[in-house]
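The data block below is run.cif; it holds mmCIF, C-alpha atoms.
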data_target
#
loop_
_atom_site.label_atom_id
_atom_site.label_comp_id
_atom_site.auth_asym_id
_atom_site.auth_seq_id
_atom_site.Cartn_x
_atom_site.Cartn_y
_atom_site.Cartn_z
CA MET A 345 -57.73 -87.62 -11.03
CA GLU A 346 -54.51 -86.91 -9.18
CA LEU A 347 -53.78 -90.63 -9.28
CA PHE A 348 -54.07 -90.67 -13.07
CA VAL A 349 -51.80 -87.65 -13.50
CA PHE A 350 -49.34 -89.07 -10.99
CA GLY A 351 -49.24 -92.39 -12.84
CA CYS A 352 -48.59 -90.78 -16.21
CA ALA A 353 -45.92 -88.45 -14.80
CA ALA A 354 -44.21 -91.24 -12.87
CA LEU A 355 -44.15 -93.34 -16.02
CA MET A 356 -42.59 -90.43 -17.94
CA VAL A 357 -39.98 -89.94 -15.21
CA LEU A 358 -39.01 -93.59 -15.00
CA ILE A 359 -38.96 -94.24 -18.76
CA GLY A 360 -36.83 -91.13 -19.28
CA ALA A 361 -34.45 -92.05 -16.47
CA VAL A 362 -33.98 -95.59 -17.77
CA GLY A 363 -33.46 -94.12 -21.23
CA VAL A 364 -30.68 -91.84 -19.95
CA ILE A 365 -28.70 -94.76 -18.55
CA THR A 366 -29.35 -97.27 -21.34
CA ARG A 367 -29.18 -95.32 -24.62
CA LYS A 368 -25.67 -95.53 -26.00
CA HIS A 369 -25.95 -92.42 -28.14
CA PRO A 370 -25.48 -89.24 -26.02
CA VAL A 371 -28.10 -87.32 -28.05
CA HIS A 372 -30.72 -89.95 -27.29
CA ALA A 373 -29.74 -89.84 -23.62
CA ALA A 374 -30.19 -86.05 -23.60
CA LEU A 375 -33.64 -86.37 -25.19
CA SER A 376 -34.61 -88.99 -22.60
CA LEU A 377 -33.48 -86.51 -19.96
CA VAL A 378 -35.99 -84.00 -21.40
CA LEU A 379 -38.77 -86.58 -20.86
CA THR A 380 -37.75 -87.03 -17.23
CA LEU A 381 -37.54 -83.29 -16.62
CA PHE A 382 -41.02 -82.73 -18.07
CA GLY A 383 -42.35 -85.52 -15.87
CA VAL A 384 -40.86 -83.87 -12.80
CA ALA A 385 -42.43 -80.57 -13.90
CA VAL A 386 -45.84 -82.27 -14.08
CA LEU A 387 -45.28 -83.66 -10.58
CA PHE A 388 -44.47 -80.11 -9.41
CA VAL A 389 -47.73 -78.82 -10.92
CA ILE A 390 -49.95 -81.39 -9.22
CA GLN A 391 -48.24 -80.55 -5.93
CA GLN A 392 -49.16 -76.87 -6.30
CA ALA A 393 -45.58 -75.71 -6.97
CA HIS A 394 -46.54 -73.79 -10.09
CA PHE A 395 -43.63 -71.37 -10.23
CA LEU A 396 -41.07 -74.14 -9.79
CA ALA A 397 -42.72 -76.13 -12.58
CA ALA A 398 -42.31 -73.17 -14.93
CA VAL A 399 -38.69 -72.70 -13.86
CA GLN A 400 -38.10 -76.43 -14.29
CA VAL A 401 -39.28 -76.31 -17.91
CA ILE A 402 -37.45 -73.09 -18.75
CA VAL A 403 -34.14 -73.70 -16.98
CA TYR A 404 -33.75 -77.47 -17.12
CA ALA A 405 -35.56 -78.57 -20.26
CA GLY A 406 -34.77 -75.31 -22.00
CA ALA A 407 -31.33 -74.12 -21.04
CA ILE A 408 -29.47 -77.06 -19.51
CA VAL A 409 -30.46 -79.72 -22.04
CA VAL A 410 -29.75 -77.33 -24.90
CA LEU A 411 -26.32 -76.75 -23.35
CA PHE A 412 -25.77 -80.52 -23.24
CA LEU A 413 -26.79 -80.81 -26.89
CA PHE A 414 -24.46 -77.94 -27.84
CA VAL A 415 -21.51 -79.68 -26.18
CA ILE A 416 -22.39 -83.01 -27.81
CA MET A 417 -22.46 -81.31 -31.20
CA LEU A 418 -19.22 -79.45 -30.45
CA LEU A 419 -17.36 -82.61 -29.49
CA GLY A 420 -18.81 -84.66 -32.34
CA VAL A 421 -22.11 -86.50 -32.44
CA ASP A 422 -20.73 -89.74 -33.77
CA ARG A 423 -18.90 -90.78 -30.62
CA VAL A 424 -21.09 -93.69 -29.60
CA GLU A 425 -20.20 -95.49 -26.42
CA ASN A 426 -19.99 -99.26 -26.67
CA LEU A 427 -22.09 -100.50 -23.78
CA ARG A 428 -21.09 -104.15 -24.30
CA THR A 429 -17.53 -103.68 -23.12
CA GLU A 430 -17.07 -103.78 -19.41
CA PRO A 431 -13.60 -102.64 -18.36
CA LEU A 432 -14.09 -103.66 -14.75
CA THR A 433 -15.86 -106.99 -14.60
CA THR A 434 -17.47 -106.58 -11.22
CA GLN A 435 -18.48 -102.96 -11.76
CA ARG A 436 -22.05 -103.50 -12.97
CA PRO A 437 -23.20 -106.05 -10.37
CA LEU A 438 -21.69 -103.88 -7.67
CA ALA A 439 -23.43 -100.80 -9.11
CA VAL A 440 -26.75 -102.67 -9.09
CA ILE A 441 -26.21 -103.68 -5.46
CA VAL A 442 -25.20 -100.15 -4.44
CA SER A 443 -28.11 -98.42 -6.15
CA LEU A 444 -30.71 -100.94 -4.95
CA GLY A 445 -29.31 -100.65 -1.44
CA LEU A 446 -29.49 -96.87 -1.70
CA ILE A 447 -33.15 -97.05 -2.78
CA GLY A 448 -33.85 -99.41 0.11
CA VAL A 449 -32.17 -97.17 2.63
CA LEU A 450 -34.02 -94.09 1.35
CA VAL A 451 -37.41 -95.83 1.38
CA ALA A 452 -36.74 -97.15 4.89
CA ALA A 453 -35.78 -93.66 6.02
CA PHE A 454 -38.98 -92.21 4.54
CA ALA A 455 -41.05 -94.97 6.13
CA THR A 456 -39.61 -94.46 9.60
CA GLY A 457 -39.53 -90.66 9.34
CA SER A 458 -43.06 -90.13 8.04
CA GLY A 459 -44.55 -90.59 11.51
CA VAL A 460 -42.23 -87.98 12.95
CA LEU A 461 -42.93 -85.33 10.33
CA GLN A 462 -45.48 -82.81 11.48
CA GLU A 463 -47.02 -79.80 9.86
CA ARG A 464 -45.22 -76.61 10.63
CA GLY A 465 -44.59 -73.31 8.94
CA THR A 466 -47.05 -70.69 7.86
CA GLY A 467 -48.71 -72.77 5.19
CA ILE A 468 -48.65 -72.92 1.43
CA LEU A 469 -51.29 -70.90 -0.38
CA ILE A 470 -53.28 -72.93 -2.89
CA PRO A 471 -54.10 -70.80 -5.94
CA ASP A 472 -57.86 -70.48 -6.32
CA SER A 473 -60.43 -67.74 -6.74
CA THR A 474 -59.87 -66.18 -3.32
CA THR A 475 -56.06 -66.19 -3.22
CA GLY A 476 -55.56 -65.38 -6.91
CA SER A 477 -53.99 -67.46 -9.62
CA ASP A 478 -50.44 -66.29 -8.83
CA ALA A 479 -50.52 -66.99 -5.09
CA ASN A 480 -47.70 -69.53 -5.23
CA THR A 481 -45.38 -67.15 -7.11
CA ILE A 482 -46.10 -64.28 -4.72
CA GLN A 483 -45.53 -66.44 -1.66
CA LEU A 484 -42.28 -67.85 -3.02
CA ALA A 485 -41.07 -64.36 -3.93
CA GLU A 486 -41.83 -63.09 -0.44
CA SER A 487 -39.84 -65.98 1.02
CA ILE A 488 -36.84 -65.49 -1.28
CA PHE A 489 -36.65 -61.70 -1.12
CA SER A 490 -37.24 -61.30 2.60
CA GLN A 491 -36.02 -64.30 4.59
CA TYR A 492 -33.42 -65.61 2.14
CA VAL A 493 -32.26 -62.41 0.47
CA VAL A 494 -28.64 -62.95 1.52
CA ALA A 495 -28.61 -66.42 -0.03
CA PHE A 496 -30.16 -64.93 -3.15
CA GLU A 497 -27.35 -62.39 -3.44
CA VAL A 498 -24.75 -65.10 -2.88
CA THR A 499 -26.21 -67.13 -5.75
CA SER A 500 -25.82 -64.11 -8.02
CA VAL A 501 -22.12 -63.99 -7.08
CA LEU A 502 -21.93 -67.73 -7.77
CA LEU A 503 -23.40 -67.29 -11.24
CA VAL A 504 -20.94 -64.50 -12.09
CA VAL A 505 -18.02 -66.65 -10.91
CA ALA A 506 -19.30 -69.60 -12.93
CA VAL A 507 -19.61 -67.54 -16.12
CA VAL A 508 -16.14 -66.01 -15.76
CA GLY A 509 -14.58 -69.37 -14.92
CA THR A 510 -16.20 -71.08 -17.89
CA VAL A 511 -15.02 -68.39 -20.29
CA LEU A 512 -11.52 -68.80 -18.90
CA LEU A 513 -11.71 -72.61 -19.22
CA ALA A 514 -13.10 -72.78 -22.71
CA ARG A 515 -11.02 -69.98 -24.17
CA ARG A 516 -8.39 -71.04 -26.65
CA THR A 517 -5.46 -68.67 -26.52
CA LYS A 518 -3.02 -68.28 -29.38
CA ASP A 519 -0.18 -69.80 -27.34
CA THR A 520 -1.98 -73.10 -26.83
CA VAL A 521 -2.99 -73.26 -30.48
CA THR A 522 0.63 -73.03 -31.61
CA GLU A 523 1.76 -75.44 -28.92
CA ASN A 524 -0.85 -78.05 -29.79
CA PRO A 525 -1.36 -77.77 -33.53
CA LYS A 526 -3.77 -80.70 -33.69
CA MET B 954 -69.89 -93.30 -2.05
CA ILE B 955 -68.86 -94.07 -5.59
CA ALA B 956 -65.96 -91.65 -5.59
CA ILE B 957 -63.12 -93.70 -4.23
CA SER B 958 -60.48 -91.21 -3.24
CA LEU B 959 -57.31 -93.02 -4.20
CA ALA B 960 -55.20 -89.90 -4.21
CA PRO B 961 -51.46 -90.55 -4.13
CA THR B 962 -50.07 -89.74 -0.72
CA ALA B 963 -46.76 -88.07 -0.06
CA SER B 964 -45.02 -91.41 0.38
CA TRP B 965 -45.71 -92.31 -3.25
CA TYR B 966 -43.83 -89.22 -4.39
CA LEU B 967 -41.02 -89.93 -1.95
CA VAL B 968 -40.65 -93.53 -3.17
CA LEU B 969 -40.62 -92.27 -6.76
CA SER B 970 -37.88 -89.79 -5.92
CA ALA B 971 -35.88 -92.53 -4.17
CA VAL B 972 -36.14 -94.74 -7.27
CA LEU B 973 -35.11 -91.82 -9.49
CA PHE B 974 -32.12 -91.15 -7.24
CA GLY B 975 -31.12 -94.83 -7.41
CA ILE B 976 -31.32 -94.86 -11.21
CA GLY B 977 -29.13 -91.75 -11.32
CA THR B 978 -26.60 -93.36 -8.99
CA PHE B 979 -26.48 -96.46 -11.16
CA GLY B 980 -25.87 -94.33 -14.22
CA VAL B 981 -23.02 -92.40 -12.61
CA LEU B 982 -21.39 -95.66 -11.53
CA VAL B 983 -21.78 -97.52 -14.81
CA ARG B 984 -21.66 -95.07 -17.72
CA ARG B 985 -18.25 -94.03 -18.99
CA ASN B 986 -19.14 -91.07 -21.16
CA PRO B 987 -18.61 -87.96 -19.00
CA LEU B 988 -21.57 -86.17 -20.62
CA VAL B 989 -23.94 -89.01 -19.76
CA MET B 990 -22.53 -89.14 -16.23
CA PHE B 991 -23.40 -85.46 -15.95
CA MET B 992 -26.94 -86.16 -17.11
CA CYS B 993 -27.23 -88.82 -14.39
CA ILE B 994 -26.14 -86.25 -11.81
CA GLU B 995 -28.99 -84.07 -13.11
CA LEU B 996 -31.36 -87.00 -12.54
CA MET B 997 -30.20 -87.23 -8.92
CA LEU B 998 -30.65 -83.48 -8.41
CA ASN B 999 -34.17 -83.73 -9.81
CA ALA B 1000 -34.97 -86.57 -7.44
CA VAL B 1001 -33.89 -84.40 -4.52
CA ASN B 1002 -35.96 -81.48 -5.83
CA LEU B 1003 -39.00 -83.73 -6.11
CA SER B 1004 -38.68 -84.88 -2.52
CA PHE B 1005 -38.19 -81.28 -1.36
CA VAL B 1006 -41.42 -80.18 -3.07
CA THR B 1007 -43.29 -83.20 -1.71
CA LEU B 1008 -42.14 -82.53 1.85
CA ALA B 1009 -42.97 -78.84 1.44
CA ARG B 1010 -46.53 -79.83 0.65
CA GLN B 1011 -46.71 -82.40 3.40
CA LEU B 1012 -45.28 -80.10 6.06
CA ASN B 1013 -47.23 -77.12 4.68
CA ASP B 1014 -44.08 -75.02 4.60
CA ILE B 1015 -43.00 -72.78 1.69
CA ASN B 1016 -39.30 -73.03 2.59
CA GLY B 1017 -39.12 -76.42 0.88
CA GLN B 1018 -39.98 -74.76 -2.40
CA THR B 1019 -37.55 -71.92 -1.75
CA ILE B 1020 -34.62 -74.29 -1.42
CA VAL B 1021 -35.56 -76.01 -4.68
CA PHE B 1022 -35.11 -72.61 -6.34
CA PHE B 1023 -31.58 -72.36 -4.96
CA VAL B 1024 -30.78 -75.96 -5.92
CA MET B 1025 -31.78 -75.14 -9.50
CA VAL B 1026 -29.46 -72.11 -9.56
CA VAL B 1027 -26.54 -74.13 -8.22
CA ALA B 1028 -27.29 -76.95 -10.68
CA ALA B 1029 -27.20 -74.52 -13.59
CA ALA B 1030 -23.85 -73.11 -12.45
CA GLU B 1031 -22.50 -76.63 -11.93
CA VAL B 1032 -23.53 -77.72 -15.43
CA VAL B 1033 -21.91 -74.66 -17.00
CA VAL B 1034 -18.59 -75.17 -15.22
CA GLY B 1035 -18.61 -78.95 -15.71
CA LEU B 1036 -19.32 -78.76 -19.42
CA GLY B 1037 -16.59 -76.13 -19.75
CA ILE B 1038 -14.12 -78.54 -18.14
CA ILE B 1039 -15.30 -81.42 -20.34
CA VAL B 1040 -14.89 -79.31 -23.48
CA ALA B 1041 -11.42 -78.18 -22.40
CA ILE B 1042 -10.31 -81.79 -21.75
CA MET B 1043 -12.02 -83.57 -24.60
CA ARG B 1044 -11.44 -81.09 -27.39
CA ASN B 1045 -8.35 -82.77 -28.82
CA ARG B 1046 -9.28 -86.40 -28.22
CA SER B 1047 -10.82 -88.91 -30.54
CA SER B 1048 -12.52 -91.15 -27.99
CA MET B 1049 -14.62 -89.84 -25.17
CA THR B 1050 -14.76 -91.94 -22.03
CA ALA B 1051 -13.85 -91.17 -18.47
CA ASP B 1052 -11.19 -93.90 -18.65
CA ASP B 1053 -9.14 -91.76 -21.02
CA LEU B 1054 -8.25 -89.45 -18.17
CA VAL B 1055 -5.82 -91.92 -16.60
CA GLU B 1056 -2.97 -89.85 -17.94
CA LEU B 1057 -3.77 -87.35 -15.22
CA LYS B 1058 -2.04 -89.80 -12.87
CA GLY B 1059 1.24 -88.39 -11.60
#
Structure translated into structure tokens:
Amino acid sequence: MELFVFGCAALMVLIGAVGVITRKHPVHAALSLVLTLFGVAVLFVIQQAHFLAAVQVIVYAGAIVVLFLFVIMLLGVDRVENLRTEPLTTQRPLAVIVSLGLIGVLVAAFATGSGVLQERGTGILIPDSTTGSDANTIQLAESIFSQYVVAFEVTSVLLVVAVVGTVLLARRTKDTVTENPK
Amino acid sequence: MIAISLAPTASWYLVLSAVLFGIGTFGVLVRRNPLVMFMCIELMLNAVNLSFVTLARQLNDINGQTIVFFVMVVAAAEVVVGLGIIVAIMRNRSSMTADDLVELKG
């Protein structure tokens, strides 16, 4: 059963990822990205990371892709990239070599490191009838709000800085409008 | 024993995340639209998240899932700031490729 779900989710992930890098229209690439993100959410679910799967759907597929689509609409949807032109002639073969080499290095690292990895930590609770259906969420919350509470507070500062900086970046003051009338 | 347990092991997930990371790298290197390059960076972040969750299950340690939470927060902040920069640069241009930014050269 897990094999079947894994196969479907892996197919979703790979088809979406290939779609992101091959579709020339940015809207189509964003919609392919949604497919990949849902596939990753399914992979989170079958690995018992239920809370992260929900966050993945809400934050990534919900907020981030919608933000991408907003920006595409704001800048004009008809700007299609011509994928035939290749400004640097050796760029694509080199990119193929680099990415295949990266995949090879990562797989080799996983293969050599898998023997070294040993179980440690206090264990992940599997939600069932004894632990309750929300065991994963409770355990994750205990980890975040006790051991990593300082990091949690720092991320809140990061989000405030990001919001203020983006408002400052995207704001169009009256001076710049008169200076650049186009 | 009819039930053949062919459950995917952790290495299957790790290989999938490595392939996803490679596809994202290829996209960043090849695509010239800054928005699509950003989407490819999201692909790479998702590959890393997938391997974190897989290793959290394999090592039986909840901290792997905790760090995925923080990666998601940082990714959201990064997308907001990056799209703000892209909008600020590309607002008054007709074409939209990363090559158009050569005029930033001193």
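The residues returned by the PyMOL selection byres ((chain B and resi 1026-1035) around 7) for this structure are Ile408, Leu503, Ala506 and Thr510 of chain A; Phe1022, Phe1023, Val1024, Met1025, Leu1036, Gly1037, Ile1038 and Ile1039 of chain B.
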Save the residues we just selected, C-alpha atoms, as a PDB file, in the frame of the given file?
ATOM      1  CA  ILE A 408     -29.470 -77.060 -19.510  1.00  0.00           C
ATOM      2  CA  LEU A 503     -23.400 -67.290 -11.240  1.00  0.00           C
ATOM      3  CA  ALA A 506     -19.300 -69.600 -12.930  1.00  0.00           C
ATOM      4  CA  THR A 510     -16.200 -71.080 -17.890  1.00  0.00           C
TER       5      THR A 510
ATOM      6  CA  PHE B1022     -35.110 -72.610  -6.340  1.00  0.00           C
ATOM      7  CA  PHE B1023     -31.580 -72.360  -4.960  1.00  0.00           C
ATOM      8  CA  VAL B1024     -30.780 -75.960  -5.920  1.00  0.00           C
ATOM      9  CA  MET B1025     -31.780 -75.140  -9.500  1.00  0.00           C
ATOM     10  CA  LEU B1036     -19.320 -78.760 -19.420  1.00  0.00           C
ATOM     11  CA  GLY B1037     -16.590 -76.130 -19.750  1.00  0.00           C
ATOM     12  CA  ILE B1038     -14.120 -78.540 -18.140  1.00  0.00           C
ATOM     13  CA  ILE B1039     -15.300 -81.420 -20.340  1.00  0.00           C
TER      14      ILE B1039
END
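Those residues returned by the PyMOL selection byres ((chain B and resi 985) around 6) for this file are B:Arg984, B:Asn986, B:Thr1050, B:Ala1051.
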Between B:Pro987, B:Leu1054, B:Leu998, B:Asn1013, smallest distance to chain A by all atoms listed in the file belongs to B:Asn1013
Can I get the residues of chain A within 6 Å of chain B, each with the closest pair of atoms and their distance in Å to one decimal, using all atoms listed in the file, sorted chain first then ascending number, as a tab-separated table?
residue	atom	partner	partner_atom	distance
A:Glu346	CA	B:Ala960	CA	5.8
A:Leu347	CA	B:Ala960	CA	5.3
A:Ile365	CA	B:Gly980	CA	5.2
A:Ala439	CA	B:Phe979	CA	5.7
A:Ser443	CA	B:Gly975	CA	4.9
A:Ile447	CA	B:Ala971	CA	5.5
A:Glu463	CA	B:Leu1012	CA	4.2
A:Arg464	CA	B:Leu1012	CA	5.8
A:Gly465	CA	B:Asp1014	CA	4.7
A:Gly467	CA	B:Asn1013	CA	4.6
A:Ile468	CA	B:Asn1013	CA	5.5
A:Leu503	CA	B:Ala1030	CA	6.0
A:Ala506	CA	B:Ala1030	CA	5.8
A:Thr510	CA	B:Gly1037	CA	5.4
A:Ala514	CA	B:Ala1041	CA	5.7
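Of the listed residues (A:Met356, A:Val362, A:Leu396, A:Phe348), A:Met356 comes nearest to Thr380 (chain A); the distances count only C-alpha atoms.
The residue that comes closest to Phe382 (chain A), out of A:Val440, A:Val357, A:Leu502, A:Ala495 and on the basis of only C-alpha atoms, is A:Val357.
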So how far away is CA of Tyr404 (chain A) from CA of Leu377 (chain A), in Å? 9.5 Å
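A straight line drawn from CA of Val493 (chain A) to CA of Val1001 (chain B) is 22.6 Å long.
Considering only C-alpha atoms, the residue among A:Leu469, A:Val449, A:Leu358, A:Leu484 positioned nearest to Val384 (chain A) is A:Leu358.
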Using CA of Leu419 (chain A) and CA of Val371 (chain A) as the two end points, give the distance in Å to one decimal. 11.8 Å
